[in-house]
Amino acid sequence: MRYASIMAGGSGTRLWPMSTPAEPKQLLRFINGRSLLSTSAGRLMGLVNPENIYVCTSNAYADKVLTDLPFLSPERLLGEPMGRDTLNAVGFSAVIIHKVDPEATLAILTADHLITPVLEFQRTLQQAFDLAEKMPDYLFTFGITPTFAATGFGYLECGEVIANHAKRVVAFREKPDSAVAENYLRSGRHLWNSGMFVWKTATILDQIRIHQPEAYAGLQKIADRYGTADFASTVAKVYPMLPKISIDYAIMEKAPKVATIPMSVDWLDVGSWSSYAQTLTPDADGNRANQADLLAIDAHGIVAVSDSRHLVAVVGISDLVVVNSGNVTMICPRDQAEKVKLLAQAAQKAYPDGYK
């Protein structure tokens, strides 16, 4: 059968102060009144049986995830006692679903991306499921057709077509500088690395066994106790000891048969206030607001966000982000929005009892 697991464990520090350890970005209802997690799950409806959808997230978010996704049963919420990077989030999902169904075909998806049109996403995911079942020795990933020379994304270098538009992955390329990104865009051989995958659970687990035997042994200990009274205690004991490494470094760059399927969609990684601004409609001066009432005089390119109705009044300034959340107001230039995570870290250190 076909399954999906949504990775939803990030803390979203670049979207502070609205995104906090207690209320991370994937659970904030700031995309047309819905959370990123709910939006991600919604893209699967009609394609994957809701009873075959799992979520891998932090234990700390378990109750909120179950509230956000009413169809999700507690046994399909895979709670991490601590983050151990994407190899283990993927492996945790694969090893549990494989125990439930040794013939499973599994999609690994993300909870922090906006993807449109949904029908194109679903068509490509359907194609990936079909290929993974016909070519079970391959690991399939999705490559997003680049629309500009992005320096904030990883890239996939593509080789020959192996079947139905799927291309062999020649190499994984890290986030490039602007000159290299321009070359990638012109080459026509490079796609953005989406971080989404489809494969047979047996295949990915075999690759983990070969390339990351320590992680494989620990994950098997966890799977052995799934459905028993001591499952949670086993996860709490074993999971923090798993080697912390990404799925790309650990497996995808080493596996012998990796292919990518081009996905022609608008793909937005909502990872910073600059990217979040792209979800808001600008006015004639390029100003954008969500919940905040924005009063702007001789001001351009302002992004104003609030978690409740709040007046943001600006005059004679340009290209700033203003976020009001609870008892915190954060202001930064739009081109330095990536540094907000440093503010989040500093606030937690300076004010351990508040402003998190």
# chains A, B, ... in the order shown; residues from 1 in each chain; ligands from 1
$ residues_around --residues "A:Lys221" --least-positions-apart "4" --cutoff "12 Å" --atoms "only C-alpha atoms" --output "list of chain:residue names"
A:Phe92, A:Val95, A:Ile96, A:Lys99, A:Glu214, A:Ala215, A:Tyr216, A:Ala217, A:Arg225, A:Tyr226, A:Asp230, A:Phe231, A:Ala232, A:Ser233, A:Thr234, A:Val235, A:Ala236, A:Lys237, A:Val238, A:Tyr239, A:Met241, A:Leu242
$ select_by_dssp --residues "stretch 71-103 of chain A" --states "helix (DSSP H, G or I)" --output "ChimeraX atom specification"
/A:74-76,85-100
$ write_last_selection --atoms "C-alpha atoms" --output "mmCIF file, in the first residue's frame"
data_model
loop_
_atom_site.group_PDB
_atom_site.id
_atom_site.type_symbol
_atom_site.label_atom_id
_atom_site.label_comp_id
_atom_site.auth_asym_id
_atom_site.auth_seq_id
_atom_site.Cartn_x
_atom_site.Cartn_y
_atom_site.Cartn_z
ATOM 1 C CA PRO A 74 -1.942 8.877 18.219
ATOM 2 C CA GLU A 75 -0.208 5.706 16.991
ATOM 3 C CA ARG A 76 0.546 7.445 13.686
ATOM 4 C CA ASP A 85 18.400 15.507 11.738
ATOM 5 C CA THR A 86 16.599 14.133 8.707
ATOM 6 C CA LEU A 87 18.224 10.687 8.453
ATOM 7 C CA ASN A 88 16.525 9.659 11.670
ATOM 8 C CA ALA A 89 13.202 11.372 10.998
ATOM 9 C CA VAL A 90 13.121 9.478 7.692
ATOM 10 C CA GLY A 91 14.385 6.262 9.236
ATOM 11 C CA PHE A 92 11.937 6.442 12.151
ATOM 12 C CA SER A 93 9.036 6.785 9.725
ATOM 13 C CA ALA A 94 10.307 4.062 7.396
ATOM 14 C CA VAL A 95 11.048 1.468 10.057
ATOM 15 C CA ILE A 96 7.634 1.850 11.743
ATOM 16 C CA ILE A 97 5.642 1.854 8.506
ATOM 17 C CA HIS A 98 7.666 -1.107 7.245
ATOM 18 C CA LYS A 99 6.685 -3.029 10.367
ATOM 19 C CA VAL A 100 3.033 -2.188 9.724
#
$ closest_residue --among "A:Ile247, A:Leu28, A:Ala163, A:Val180" --to "A:Ile108" --atoms "only C-alpha atoms"
A:Ile247
$ closest_atom_pairs --of "stretch 182-280 of chain A" --to "stretch 321-338 of chain A" --cutoff "8 Å" --atoms "only C-alpha atoms" --output "Markdown table"
| residue | atom | partner | partner_atom | distance |
| --- | --- | --- | --- | --- |
| A:Ser272 | CA | A:Glu338 | CA | 6.3 |
| A:Trp273 | CA | A:Ala337 | CA | 6.1 |
| A:Ser274 | CA | A:Arg334 | CA | 6.0 |
$ write_last_selection --atoms "N, CA and C atoms" --output "PDB file, in the first residue's frame"
ATOM      1  N   SER A 272      11.500  32.131   6.443  1.00  0.00           N
ATOM      2  CA  SER A 272      11.923  33.427   6.977  1.00  0.00           C
ATOM      3  C   SER A 272      10.815  34.431   6.707  1.00  0.00           C
ATOM      4  N   TRP A 273      10.936  35.614   7.337  1.00  0.00           N
ATOM      5  CA  TRP A 273       9.921  36.630   7.101  1.00  0.00           C
ATOM      6  C   TRP A 273       9.957  37.138   5.665  1.00  0.00           C
ATOM      7  N   SER A 274      11.107  37.105   5.032  1.00  0.00           N
ATOM      8  CA  SER A 274      11.174  37.509   3.627  1.00  0.00           C
ATOM      9  C   SER A 274      10.376  36.559   2.746  1.00  0.00           C
TER      10      SER A 274
END
$ closest_residue --among "A:Ser19, A:Ala346, A:Arg309, A:Ile6" --to "A:Leu78" --atoms "only C-alpha atoms"
A:Ile6
$ atom_distance --atom1 "atom CA of A:Leu119" --atom2 "atom CA of A:Ala171"
28.8 Å
$ atom_distance --atom1 "atom CA of A:Arg173" --atom2 "atom CA of A:Pro240"
28.8 Å
$ closest_residue --among "A:Arg168, A:Lys349, A:Lys341, A:Arg43" --to "A:Thr20" --atoms "only C-alpha atoms"
A:Lys341
$ residues_around --residues "A:Glu157" --least-positions-apart "2" --cutoff "8 Å" --atoms "only C-alpha atoms" --output "list in words"
Tyr155, Gly159, Val169, Val170, Ala171, Phe172, Arg173, Arg189, His190 and Leu191 of chain A
$ write_last_selection --atoms "C-alpha atoms" --output "mmCIF file, in the first residue's frame"
data_model
loop_
_atom_site.group_PDB
_atom_site.id
_atom_site.type_symbol
_atom_site.label_atom_id
_atom_site.label_comp_id
_atom_site.auth_asym_id
_atom_site.auth_seq_id
_atom_site.Cartn_x
_atom_site.Cartn_y
_atom_site.Cartn_z
ATOM 1 C CA TYR A 155 20.584 21.558 -6.252
ATOM 2 C CA GLY A 159 21.716 12.894 -15.947
ATOM 3 C CA VAL A 169 20.789 12.114 -10.131
ATOM 4 C CA VAL A 170 24.457 12.645 -11.026
ATOM 5 C CA ALA A 171 25.325 14.742 -7.969
ATOM 6 C CA PHE A 172 23.920 16.694 -5.056
ATOM 7 C CA ARG A 173 25.165 20.276 -5.037
ATOM 8 C CA ARG A 189 20.685 20.172 -15.903
ATOM 9 C CA HIS A 190 20.010 21.369 -12.373
ATOM 10 C CA LEU A 191 16.864 21.306 -10.244
#
$ closest_atom_pairs --of "stretch 232-293 of chain A" --to "stretch 112-115 of chain A" --cutoff "12 Å" --atoms "only C-alpha atoms" --output "CSV"
residue,atom,partner,partner_atom,distance
A:Met263,CA,A:Ile115,CA,10.1
A:Ser264,CA,A:Ile115,CA,9.9
A:Val265,CA,A:Ile115,CA,6.4
A:Asp266,CA,A:Ile115,CA,5.6
A:Trp267,CA,A:Ile115,CA,4.7
A:Leu268,CA,A:Leu114,CA,5.1
A:Asp269,CA,A:His113,CA,4.6
A:Val270,CA,A:His113,CA,5.9
A:Gly271,CA,A:Asp112,CA,7.3
A:Ser272,CA,A:Asp112,CA,10.7
A:Ser275,CA,A:His113,CA,10.4
A:Tyr276,CA,A:Leu114,CA,10.0
A:Gln278,CA,A:Leu114,CA,10.6
A:Thr279,CA,A:Leu114,CA,9.0
$ residues_around --residues "A:Ala104" --least-positions-apart "5" --cutoff "12 Å" --atoms "only C-alpha atoms" --output "list in words"
Met1, Arg2, Tyr3, Ala4, Ser5, Asn52, Ser93, Ala94, Val95, Ile96, Ile97, His98, Lys99, Phe129, Ala132, Glu133, Pro136, Val198, Trp199, Lys200, Thr201, Ala202, Thr203, Ile204 and Leu205 of chain A
$ write_last_selection --atoms "N, CA and C atoms" --output "compact mmCIF listing (two decimals), in the first residue's frame"
# COMPACT_ATOMS: atom_id res chain seq x y z
N MET A 1 0.83 -1.20 0.00
CA MET A 1 0.00 0.00 0.00
C MET A 1 0.87 1.25 0.00
N ARG A 2 0.23 2.39 -0.20
CA ARG A 2 0.94 3.66 -0.27
C ARG A 2 0.74 4.46 1.02
N TYR A 3 1.84 5.03 1.49
CA TYR A 3 1.86 5.76 2.76
C TYR A 3 2.57 7.09 2.56
N ALA A 4 2.35 7.99 3.50
CA ALA A 4 3.09 9.25 3.52
C ALA A 4 3.45 9.58 4.95
N SER A 5 4.63 10.16 5.13
CA SER A 5 5.03 10.67 6.44
C SER A 5 5.47 12.12 6.25
N ASN A 52 -3.28 6.16 6.28
CA ASN A 52 -1.90 5.80 5.95
C ASN A 52 -0.97 7.01 6.01
N SER A 93 10.27 7.00 10.49
CA SER A 93 9.04 6.79 9.72
C SER A 93 9.08 5.47 8.95
N ALA A 94 10.21 5.24 8.26
CA ALA A 94 10.31 4.06 7.40
C ALA A 94 10.25 2.77 8.20
N VAL A 95 10.96 2.73 9.32
CA VAL A 95 11.05 1.47 10.06
C VAL A 95 9.71 1.11 10.71
N ILE A 96 8.94 2.12 11.14
CA ILE A 96 7.63 1.85 11.74
C ILE A 96 6.63 1.44 10.68
N ILE A 97 6.60 2.17 9.57
CA ILE A 97 5.64 1.85 8.51
C ILE A 97 5.98 0.50 7.87
N HIS A 98 7.27 0.19 7.78
CA HIS A 98 7.67 -1.11 7.25
C HIS A 98 7.19 -2.24 8.15
N LYS A 99 7.19 -2.00 9.46
CA LYS A 99 6.69 -3.03 10.37
C LYS A 99 5.18 -3.21 10.19
N PHE A 129 4.98 7.37 -7.01
CA PHE A 129 4.51 6.11 -6.43
C PHE A 129 4.55 5.00 -7.48
N ALA A 132 8.22 4.00 -8.18
CA ALA A 132 8.84 3.28 -7.07
C ALA A 132 8.35 1.84 -6.99
N GLU A 133 7.12 1.60 -7.40
CA GLU A 133 6.59 0.24 -7.39
C GLU A 133 7.07 -0.57 -8.58
N PRO A 136 11.66 -0.85 -7.82
CA PRO A 136 11.79 -0.79 -6.35
C PRO A 136 13.21 -0.63 -5.83
N VAL A 198 10.19 9.55 -2.47
CA VAL A 198 9.31 8.38 -2.52
C VAL A 198 10.18 7.16 -2.75
N TRP A 199 9.90 6.08 -2.01
CA TRP A 199 10.65 4.83 -2.14
C TRP A 199 9.92 3.69 -1.44
N LYS A 200 10.36 2.50 -1.70
CA LYS A 200 9.89 1.36 -0.93
C LYS A 200 10.58 1.41 0.43
N THR A 201 9.83 1.14 1.48
CA THR A 201 10.45 1.16 2.81
C THR A 201 11.59 0.15 2.89
N ALA A 202 11.44 -1.00 2.24
CA ALA A 202 12.49 -2.01 2.27
C ALA A 202 13.77 -1.48 1.64
N THR A 203 13.64 -0.66 0.59
CA THR A 203 14.82 -0.15 -0.11
C THR A 203 15.56 0.89 0.71
N ILE A 204 14.85 1.85 1.29
CA ILE A 204 15.54 2.88 2.07
C ILE A 204 16.15 2.27 3.33
N LEU A 205 15.46 1.32 3.94
CA LEU A 205 16.02 0.69 5.14
C LEU A 205 17.27 -0.13 4.79
$ atom_distance --atom1 "atom CA of A:Arg186" --atom2 "atom CA of A:Ile144"
14.9 Å
$ residues_around --residues "A:Tyr184" --least-positions-apart "2" --cutoff "12 Å" --atoms "only C-alpha atoms" --output "MDAnalysis selection string"
chainID A and resid 145:151 153:158 173:182 186:192
$ residues_around --residues "stretch 64-68 of chain A" --least-positions-apart "4" --cutoff "10 Å" --atoms "only C-alpha atoms" --output "VMD selection string"
chain A and resid 8 22 to 23 26 to 29 34 to 35 37 to 38 55 to 60 72 to 74 76 to 77
$ select_by_dssp --residues "stretch 86-330 of chain A" --states "strand (DSSP E or B)" --output "MDAnalysis selection string"
chainID A and resid 105:110 113:116 139:144 155:163 166:173 190:200 258:263 266:269 288:297 300 303:315 318 320:325 328:330
$ write_last_selection --atoms "C-alpha atoms" --output "PDB file, in the first residue's frame"
ATOM      1  CA  THR A 105       5.673   2.473  -0.676  1.00  0.00           C
ATOM      2  CA  LEU A 106       6.409   5.620   1.296  1.00  0.00           C
ATOM      3  CA  ALA A 107       6.410   9.330   0.466  1.00  0.00           C
ATOM      4  CA  ILE A 108       8.470  11.559   2.765  1.00  0.00           C
ATOM      5  CA  LEU A 109       7.118  15.102   2.706  1.00  0.00           C
ATOM      6  CA  THR A 110       7.782  18.383   4.475  1.00  0.00           C
ATOM      7  CA  HIS A 113       6.527  24.377   2.118  1.00  0.00           C
ATOM      8  CA  LEU A 114       3.721  25.930   0.115  1.00  0.00           C
ATOM      9  CA  ILE A 115       3.223  24.159  -3.220  1.00  0.00           C
ATOM     10  CA  THR A 116       0.853  25.175  -6.002  1.00  0.00           C
ATOM     11  CA  LEU A 139      15.234   6.019  -4.423  1.00  0.00           C
ATOM     12  CA  PHE A 140      13.169   8.831  -5.942  1.00  0.00           C
ATOM     13  CA  THR A 141      13.348  12.484  -5.025  1.00  0.00           C
ATOM     14  CA  PHE A 142      11.598  15.519  -6.445  1.00  0.00           C
ATOM     15  CA  GLY A 143      13.435  18.328  -8.188  1.00  0.00           C
ATOM     16  CA  ILE A 144      11.772  21.711  -8.457  1.00  0.00           C
ATOM     17  CA  TYR A 155      20.584  21.558  -6.252  1.00  0.00           C
ATOM     18  CA  LEU A 156      20.318  18.210  -8.003  1.00  0.00           C
ATOM     19  CA  GLU A 157      22.481  17.684 -11.089  1.00  0.00           C
ATOM     20  CA  CYS A 158      20.521  15.515 -13.508  1.00  0.00           C
ATOM     21  CA  GLY A 159      21.716  12.894 -15.947  1.00  0.00           C
ATOM     22  CA  GLU A 160      19.864  10.703 -18.406  1.00  0.00           C
ATOM     23  CA  VAL A 161      16.161   9.931 -18.322  1.00  0.00           C
ATOM     24  CA  ILE A 162      15.570   6.480 -16.832  1.00  0.00           C
ATOM     25  CA  ALA A 163      11.771   6.271 -17.146  1.00  0.00           C
ATOM     26  CA  ALA A 166      12.527  10.657 -14.146  1.00  0.00           C
ATOM     27  CA  LYS A 167      16.234  11.447 -14.427  1.00  0.00           C
ATOM     28  CA  ARG A 168      19.216   9.845 -12.762  1.00  0.00           C
ATOM     29  CA  VAL A 169      20.789  12.114 -10.131  1.00  0.00           C
ATOM     30  CA  VAL A 170      24.457  12.645 -11.026  1.00  0.00           C
ATOM     31  CA  ALA A 171      25.325  14.742  -7.969  1.00  0.00           C
ATOM     32  CA  PHE A 172      23.920  16.694  -5.056  1.00  0.00           C
ATOM     33  CA  ARG A 173      25.165  20.276  -5.037  1.00  0.00           C
ATOM     34  CA  HIS A 190      20.010  21.369 -12.373  1.00  0.00           C
ATOM     35  CA  LEU A 191      16.864  21.306 -10.244  1.00  0.00           C
ATOM     36  CA  TRP A 192      16.260  22.634  -6.768  1.00  0.00           C
ATOM     37  CA  ASN A 193      16.455  19.891  -4.149  1.00  0.00           C
ATOM     38  CA  SER A 194      12.978  19.735  -2.617  1.00  0.00           C
ATOM     39  CA  GLY A 195      13.819  17.435   0.305  1.00  0.00           C
ATOM     40  CA  MET A 196      10.831  15.235  -0.578  1.00  0.00           C
ATOM     41  CA  PHE A 197      11.138  11.558  -1.498  1.00  0.00           C
ATOM     42  CA  VAL A 198       9.305   8.379  -2.525  1.00  0.00           C
ATOM     43  CA  TRP A 199      10.650   4.834  -2.138  1.00  0.00           C
ATOM     44  CA  LYS A 200       9.890   1.357  -0.926  1.00  0.00           C
ATOM     45  CA  VAL A 258      18.867   7.704  -7.128  1.00  0.00           C
ATOM     46  CA  ALA A 259      16.527   9.453  -9.545  1.00  0.00           C
ATOM     47  CA  THR A 260      14.634  12.713  -9.510  1.00  0.00           C
ATOM     48  CA  ILE A 261      11.269  13.592 -10.969  1.00  0.00           C
ATOM     49  CA  PRO A 262      10.915  17.217 -12.101  1.00  0.00           C
ATOM     50  CA  MET A 263       8.029  18.950 -10.360  1.00  0.00           C
ATOM     51  CA  ASP A 266       5.465  27.124  -7.424  1.00  0.00           C
ATOM     52  CA  TRP A 267       7.421  26.022  -4.365  1.00  0.00           C
ATOM     53  CA  LEU A 268       7.902  28.341  -1.425  1.00  0.00           C
ATOM     54  CA  ASP A 269       9.976  27.409   1.590  1.00  0.00           C
ATOM     55  CA  ARG A 288       2.316  43.778   2.833  1.00  0.00           C
ATOM     56  CA  ALA A 289       0.422  43.067   6.044  1.00  0.00           C
ATOM     57  CA  ASN A 290      -1.235  40.180   7.846  1.00  0.00           C
ATOM     58  CA  GLN A 291      -3.558  40.884  10.793  1.00  0.00           C
ATOM     59  CA  ALA A 292      -1.658  44.094  11.486  1.00  0.00           C
ATOM     60  CA  ASP A 293      -3.341  47.323  10.383  1.00  0.00           C
ATOM     61  CA  LEU A 294      -0.596  49.040   8.429  1.00  0.00           C
ATOM     62  CA  LEU A 295      -0.578  52.829   8.248  1.00  0.00           C
ATOM     63  CA  ALA A 296       2.243  53.816   5.899  1.00  0.00           C
ATOM     64  CA  ILE A 297       3.248  57.315   4.790  1.00  0.00           C
ATOM     65  CA  HIS A 300       7.733  51.204   0.698  1.00  0.00           C
ATOM     66  CA  VAL A 303       6.137  43.730   5.867  1.00  0.00           C
ATOM     67  CA  ALA A 304       3.903  44.045   8.930  1.00  0.00           C
ATOM     68  CA  VAL A 305       2.664  40.941  10.748  1.00  0.00           C
ATOM     69  CA  SER A 306       0.809  40.520  14.025  1.00  0.00           C
ATOM     70  CA  ASP A 307      -0.802  37.623  15.857  1.00  0.00           C
ATOM     71  CA  SER A 308      -3.759  39.865  16.732  1.00  0.00           C
ATOM     72  CA  ARG A 309      -5.171  43.135  15.456  1.00  0.00           C
ATOM     73  CA  HIS A 310      -2.441  45.714  15.966  1.00  0.00           C
ATOM     74  CA  LEU A 311      -1.659  49.061  14.331  1.00  0.00           C
ATOM     75  CA  VAL A 312       1.764  49.376  12.746  1.00  0.00           C
ATOM     76  CA  ALA A 313       2.396  53.001  11.784  1.00  0.00           C
ATOM     77  CA  VAL A 314       5.472  53.850   9.706  1.00  0.00           C
ATOM     78  CA  VAL A 315       6.719  56.944   7.970  1.00  0.00           C
ATOM     79  CA  SER A 318      11.544  51.263   3.351  1.00  0.00           C
ATOM     80  CA  LEU A 320      11.637  46.643   6.827  1.00  0.00           C
ATOM     81  CA  VAL A 321       9.945  43.716   8.568  1.00  0.00           C
ATOM     82  CA  VAL A 322       7.848  44.563  11.635  1.00  0.00           C
ATOM     83  CA  VAL A 323       6.417  41.645  13.612  1.00  0.00           C
ATOM     84  CA  ASN A 324       4.304  42.000  16.735  1.00  0.00           C
ATOM     85  CA  SER A 325       3.628  38.843  18.711  1.00  0.00           C
ATOM     86  CA  VAL A 328       7.549  41.168  21.615  1.00  0.00           C
ATOM     87  CA  THR A 329       8.039  43.526  18.685  1.00  0.00           C
ATOM     88  CA  MET A 330      10.781  42.608  16.202  1.00  0.00           C
TER      89      MET A 330
END
$ decode --residues "stretch 326-346 of chain A" --atoms "N, CA and C atoms" --output "short mmCIF file (atom, residue, chain, number, x, y, z; two decimals), in the first residue's frame"
data_model
loop_
_atom_site.label_atom_id
_atom_site.label_comp_id
_atom_site.auth_asym_id
_atom_site.auth_seq_id
_atom_site.Cartn_x
_atom_site.Cartn_y
_atom_site.Cartn_z
N GLY A 326 2.52 38.75 20.86
CA GLY A 326 2.48 38.76 22.32
C GLY A 326 3.11 40.04 22.85
N ASN A 327 4.14 39.89 23.68
CA ASN A 327 4.80 41.06 24.26
C ASN A 327 6.14 41.35 23.61
N VAL A 328 6.30 40.93 22.35
CA VAL A 328 7.55 41.17 21.61
C VAL A 328 7.25 41.88 20.30
N THR A 329 8.05 42.90 20.00
CA THR A 329 8.04 43.53 18.68
C THR A 329 9.43 43.38 18.09
N MET A 330 9.51 42.83 16.89
CA MET A 330 10.78 42.61 16.20
C MET A 330 10.80 43.43 14.93
N ILE A 331 11.92 44.13 14.70
CA ILE A 331 12.08 44.95 13.50
C ILE A 331 13.44 44.64 12.89
N CYS A 332 13.45 44.41 11.57
CA CYS A 332 14.73 44.18 10.90
C CYS A 332 14.61 44.56 9.43
N PRO A 333 15.73 44.85 8.77
CA PRO A 333 15.69 45.05 7.32
C PRO A 333 15.30 43.75 6.63
N ARG A 334 14.54 43.86 5.54
CA ARG A 334 14.10 42.65 4.85
C ARG A 334 15.28 41.83 4.35
N ASP A 335 16.37 42.50 3.93
CA ASP A 335 17.50 41.75 3.39
C ASP A 335 18.36 41.12 4.48
N GLN A 336 17.99 41.30 5.75
CA GLN A 336 18.71 40.65 6.85
C GLN A 336 17.78 39.75 7.67
N ALA A 337 16.68 39.36 7.05
CA ALA A 337 15.69 38.56 7.78
C ALA A 337 16.23 37.21 8.22
N GLU A 338 17.25 36.70 7.51
CA GLU A 338 17.83 35.41 7.91
C GLU A 338 18.47 35.48 9.30
N LYS A 339 18.85 36.70 9.74
CA LYS A 339 19.52 36.85 11.04
C LYS A 339 18.56 36.83 12.22
N VAL A 340 17.26 36.76 11.94
CA VAL A 340 16.30 36.75 13.03
C VAL A 340 16.53 35.57 13.97
N LYS A 341 17.03 34.47 13.43
CA LYS A 341 17.31 33.32 14.30
C LYS A 341 18.33 33.67 15.37
N LEU A 342 19.24 34.60 15.06
CA LEU A 342 20.21 35.03 16.06
C LEU A 342 19.52 35.80 17.18
N LEU A 343 18.52 36.61 16.81
CA LEU A 343 17.73 37.29 17.83
C LEU A 343 16.98 36.30 18.71
N ALA A 344 16.41 35.27 18.10
CA ALA A 344 15.68 34.26 18.86
C ALA A 344 16.61 33.59 19.88
N GLN A 345 17.81 33.26 19.43
CA GLN A 345 18.78 32.63 20.33
C GLN A 345 19.20 33.58 21.44
N ALA A 346 19.43 34.85 21.08
CA ALA A 346 19.84 35.83 22.07
C ALA A 346 18.75 36.09 23.10
#
